[in-house]
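The file run-v7.cif contains mmCIF, C-alpha atoms:
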```
data_entry
#
loop_
_atom_site.label_atom_id
_atom_site.label_comp_id
_atom_site.auth_asym_id
_atom_site.auth_seq_id
_atom_site.Cartn_x
_atom_site.Cartn_y
_atom_site.Cartn_z
CA MET A 1 -145.75 88.06 97.98
CA MET A 2 -142.84 86.10 96.57
CA PHE A 3 -141.83 85.99 92.92
CA ILE A 4 -139.50 83.47 91.22
CA LYS A 5 -138.40 83.42 87.57
CA LEU A 6 -137.21 80.08 86.17
CA VAL A 7 -135.43 79.79 82.84
CA ILE A 8 -135.62 76.30 81.32
CA GLY A 9 -133.96 76.38 77.92
CA ARG A 10 -135.91 79.05 76.07
CA LEU A 11 -138.93 78.72 78.33
CA ILE A 12 -139.34 81.36 81.05
CA VAL A 13 -141.69 80.45 83.90
CA ASN A 14 -142.75 82.96 86.53
CA ILE A 15 -143.98 81.56 89.83
CA VAL A 16 -145.83 83.89 92.16
CA SER A 17 -146.62 82.91 95.73
CA ALA A 18 -149.31 85.05 97.34
CA TYR A 19 -150.71 85.40 100.83
CA ALA A 20 -153.90 87.43 100.94
CA PRO A 21 -155.19 89.27 103.99
CA HIS A 22 -157.59 87.16 106.03
CA VAL A 23 -161.25 87.78 106.72
CA GLY A 24 -161.79 90.55 109.22
CA LEU A 25 -158.95 92.78 108.10
CA ASP A 26 -159.61 96.27 106.82
CA GLU A 27 -160.84 96.53 103.21
CA GLU A 28 -157.98 98.93 102.45
CA VAL A 29 -155.45 96.20 103.28
CA LYS A 30 -157.25 93.83 100.90
CA ARG A 31 -157.37 96.46 98.16
CA ILE A 32 -153.61 97.01 98.45
CA PHE A 33 -152.99 93.24 98.21
CA TRP A 34 -154.98 92.99 94.94
CA GLU A 35 -153.27 96.09 93.52
CA ASP A 36 -149.83 94.66 94.36
CA LEU A 37 -150.67 91.29 92.79
CA ASP A 38 -152.09 93.09 89.75
CA GLU A 39 -148.82 95.04 89.38
CA VAL A 40 -146.69 91.88 89.61
CA VAL A 41 -148.73 90.07 86.95
CA ARG A 42 -148.82 93.11 84.62
CA GLY A 43 -145.01 93.24 84.86
CA ILE A 44 -144.63 89.76 83.36
CA PRO A 45 -144.16 89.77 79.56
CA SER A 46 -146.88 87.94 77.61
CA THR A 47 -144.19 85.69 76.10
CA GLU A 48 -143.51 84.17 79.53
CA LYS A 49 -145.55 81.62 81.46
CA ILE A 50 -147.02 82.37 84.86
CA PHE A 51 -148.28 80.20 87.69
CA ILE A 52 -149.76 81.78 90.81
CA GLY A 53 -150.27 79.85 93.99
CA GLY A 54 -151.32 81.05 97.34
CA ASP A 55 -153.42 81.31 100.42
CA PHE A 56 -156.10 83.68 99.14
CA ASN A 57 -158.33 83.30 102.22
CA VAL A 58 -161.46 83.18 100.04
CA HIS A 59 -164.17 80.74 98.96
CA ILE A 60 -164.93 80.34 95.24
CA SER A 61 -167.95 77.99 95.62
CA THR A 62 -168.79 74.56 94.29
CA THR A 63 -170.17 75.96 91.02
CA SER A 64 -168.88 78.36 88.39
CA ASN A 65 -172.01 80.61 88.23
CA GLY A 66 -170.93 83.20 85.66
CA PHE A 67 -167.23 82.39 85.81
CA ASP A 68 -167.24 79.34 83.51
CA ASP A 69 -164.05 80.48 81.77
CA VAL A 70 -161.98 80.53 85.00
CA HIS A 71 -163.83 78.16 87.38
CA GLY A 72 -163.86 74.49 86.45
CA GLY A 73 -167.12 73.73 88.26
CA PHE A 74 -165.77 72.03 91.39
CA GLY A 75 -164.98 73.49 94.77
CA PHE A 76 -165.86 73.65 98.43
CA GLU A 77 -167.99 76.04 100.52
CA GLU A 78 -170.18 78.95 99.47
CA ARG A 79 -168.66 81.79 97.44
CA ASN A 80 -167.88 84.94 99.39
CA GLY A 81 -166.86 88.47 98.36
CA GLY A 82 -163.20 87.54 98.38
CA GLY A 83 -163.99 84.57 96.12
CA VAL A 84 -165.59 86.95 93.64
CA SER A 85 -162.41 89.08 93.75
CA LEU A 86 -160.24 86.03 92.96
CA LEU A 87 -162.53 84.97 90.12
CA GLU A 88 -162.57 88.49 88.65
CA PHE A 89 -158.79 88.72 88.95
CA SER A 90 -158.47 85.35 87.20
CA LYS A 91 -160.78 86.51 84.42
CA ALA A 92 -158.90 89.80 83.97
CA PHE A 93 -155.53 88.05 83.59
CA GLU A 94 -156.81 84.99 81.70
CA LEU A 95 -155.97 82.56 84.49
CA VAL A 96 -157.88 79.46 85.54
CA ILE A 97 -158.31 78.14 89.07
CA ALA A 98 -156.76 74.69 88.66
CA ASN A 99 -158.16 73.13 91.81
CA SER A 100 -161.69 73.88 90.58
CA CYS A 101 -161.15 71.81 87.43
CA PHE A 102 -161.08 68.30 88.88
CA LEU A 103 -163.74 66.35 90.74
CA LYS A 104 -162.27 65.36 94.10
CA ARG A 105 -163.32 63.98 97.45
CA ASP A 106 -163.60 66.62 100.17
CA ASN A 107 -160.29 65.59 101.77
CA GLN A 108 -158.55 66.36 98.44
CA LEU A 109 -160.18 69.81 98.30
CA VAL A 110 -159.74 71.03 101.87
CA THR A 111 -156.57 73.12 102.07
CA PHE A 112 -157.07 74.49 105.59
CA CYS A 113 -158.18 72.45 108.56
CA SER A 114 -158.46 73.55 112.19
CA THR A 115 -160.52 72.51 115.19
CA VAL A 116 -163.07 75.13 114.15
CA ALA A 117 -163.29 74.73 110.37
CA SER A 118 -162.25 72.77 107.30
CA THR A 119 -162.24 74.79 104.12
CA GLN A 120 -160.62 75.52 100.76
CA ILE A 121 -158.70 78.82 100.75
CA ASP A 122 -155.50 77.94 98.85
CA TYR A 123 -155.54 77.95 95.05
CA LEU A 124 -153.23 77.35 92.07
CA LEU A 125 -153.72 79.51 88.97
CA PRO A 126 -152.06 78.74 85.63
CA GLN A 127 -152.78 80.75 82.49
CA LYS A 128 -155.82 79.56 80.53
CA GLY A 129 -153.60 78.57 77.63
CA ASP A 130 -151.64 76.29 79.95
CA ARG A 131 -154.74 74.61 81.37
CA VAL A 132 -154.15 71.69 78.98
CA LEU A 133 -150.77 71.09 80.65
CA CYS A 134 -152.47 70.63 84.02
CA LYS A 135 -153.29 66.94 84.39
CA ASP A 136 -154.42 67.05 88.04
CA CYS A 137 -154.65 69.38 91.02
CA LYS A 138 -155.39 68.15 94.51
CA VAL A 139 -154.60 68.33 98.18
CA ILE A 140 -152.34 65.71 99.69
CA PRO A 141 -154.09 65.39 103.07
CA SER A 142 -151.22 63.63 104.83
CA GLU A 143 -148.69 66.36 103.96
CA ASN A 144 -149.11 69.45 106.11
CA ILE A 145 -147.25 72.59 105.10
CA THR A 146 -148.01 74.11 108.49
CA THR A 147 -150.08 72.72 111.28
CA GLN A 148 -153.29 73.81 109.56
CA HIS A 149 -152.56 73.98 105.81
CA ASN A 150 -152.45 70.88 103.62
CA LEU A 151 -150.15 70.55 100.61
CA LEU A 152 -151.83 71.54 97.33
CA VAL A 153 -150.17 70.08 94.23
CA MET A 154 -150.63 70.45 90.49
CA ASP A 155 -149.41 67.80 88.05
CA LEU A 156 -148.12 69.35 84.82
CA GLU A 157 -147.21 67.56 81.63
CA ILE A 158 -144.62 69.51 79.69
CA LYS A 159 -143.47 67.93 76.44
CA ARG A 160 -140.38 68.78 74.48
CA ASP A 161 -140.99 69.48 70.82
CA ARG A 162 -137.85 67.97 69.27
CA ARG A 163 -138.46 69.60 65.89
CA LYS A 164 -138.45 73.13 67.31
CA LYS A 165 -136.09 72.45 70.24
CA THR A 166 -138.46 74.18 72.67
CA LEU A 167 -140.57 73.15 75.59
CA LEU A 168 -144.35 73.33 75.31
#
```

Represent the supplied structure as structure tokens.
Amino acid sequence: MMFIKLVIGRLIVNIVSAYAPHVGLDEEVKRIFWEDLDEVVRGIPSTEKIFIGGDFNVHISTTSNGFDDVHGGFGFEERNGGGVSLLEFSKAFELVIANSCFLKRDNQLVTFCSTVASTQIDYLLPQKGDRVLCKDCKVIPSENITTQHNLLVMDLEIKRDRRKKTLL
């Protein structure tokens, strides 16, 4: 896990990059990952913004099914146990899964592509209150981060409130 704190004027933005254990690893390893991520997020003051991005190695499904407050209703693949963990984590910390909020073609959803499978396992999570800042979230299929992962981007619109001299 990597953690970056950006200070922009009076605005403090915390960016967390996560890499979850892959399918097939021991459940104890997965439990430790979620506990560590939980600890990082709990350590961020509520006055600061947080964005989490990462390879969570899970499937959240094409529908929200009980997670309407954190899942935007779009996705790829069937939900698995790890997907439930990500959705529950998002709910607990009032985050939203940005790449589930926009209707996209499959090639703009697929974050991992190999000779064996094409799937969505990478996600971007802003706080629910910042969901309105997120204008788009999609995969750029022609930009590979590694040989198998595609670049996942989120367009944010941050306006400066000139009366208060702060960023929103």

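Atom CA of A:Val40 is positioned 15.5 Å from atom CA of A:Leu6.
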
Query raised in the report: Taking (-168.9, 74.9, 96.7) in the file's coordinates, which residues come within 8 Å, counting all atoms listed in the file, written as a list in words?
Result: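 Checking each residue against the 8 Å limit leaves His59, Ile60, Ser61, Thr62, Thr63, Phe74, Gly75, Phe76, Glu77, Glu78 and Arg79 of chain A.
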
Query raised in the report: Taking the file as shown, what set of residues would the PyMOL selection byres ((chain A and resi 11-18) around 9) give back, as number ranges by chain?
Result: A: 1-10, 19-20, 37, 40-41, 44, 47-56, 166-168

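With distances taken over all atoms listed in the file, A:Val132 is the one residue among A:Ile140, A:Ile32, A:Val132, A:Leu25 lying closest to A:Val96.
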
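Take atom CA of A:Val29 and atom CA of A:His71: the distance between them is 25.5 Å.
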
Requested in this report: May I ask which of the residues A:Leu124, A:Cys113, A:Leu133, A:Leu152 is the closest one to A:Val70, counting only C-alpha atoms?
Outcome: A:Leu124

Query raised in the report: With distances taken over all atoms listed in the file, which of A:Val110, A:Lys91, A:Ser142, A:Leu103 is nearest to A:Asp69?
Result: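 Of A:Val110, A:Lys91, A:Ser142, A:Leu103, the one nearest A:Asp69 is A:Lys91, counting all atoms listed in the file.
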
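Distances from A:Asn65, A:Ile97, A:Leu86, A:Asn57 to A:Phe112 were compared using all atoms listed in the file, and the smallest one belongs to A:Asn57.
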
Report task. Measure the distance from atom CA of A:Val58 to atom CA of A:Asn80 in Å and round it to one decimal. Result ->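 So the answer is 6.7 Å.
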
Report task. Spell out the residues picked by the PyMOL selection byres ((chain A and resi 137) around 8) here, as a VMD selection string. Result -> chain A and resid 98 to 99 101 to 102 134 to 136 138 to 139 152 to 155

Hey, can I get the axis-aligned box for stretch 33-48 of chain A? All listed atoms, 3 Å padding on each side, centre and edge lengths in Å to one decimal, as lines of an AutoDock Vina configuration file.
```
center_x = -149.2
center_y = 90.1
center_z = 87.2
size_x = 17.5
size_y = 17.9
size_z = 28.1
```

Requested in this report: Just say which residues the PyMOL selection byres ((chain A and resi 127) around 6) picks in this file, as a PyMOL selection string.
Outcome: chain A and resi 94-95+126+128-130

Query raised in the report: Which is closer to A:Phe93 than all the others in A:Asp122, A:Glu27, A:Glu157, A:Glu39, using all atoms listed in the file?
Result: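 Going through A:Asp122, A:Glu27, A:Glu157, A:Glu39 one by one, the smallest distance to A:Phe93 is for A:Glu39.
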
**Report entry** Shell of 10 Å around A:Arg31, only C-alpha atoms, local chain residues under 5 positions omitted, as a VMD selection string
**Finding:** chain A and resid 21 26 36 85

Query raised in the report: Which of these residues is nearest to A:Glu88, using all atoms listed in the file: A:Thr119, A:Gly66, A:Leu109, A:Gly73?
Result: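 Going through A:Thr119, A:Gly66, A:Leu109, A:Gly73 one by one, the smallest distance to A:Glu88 is for A:Gly66.
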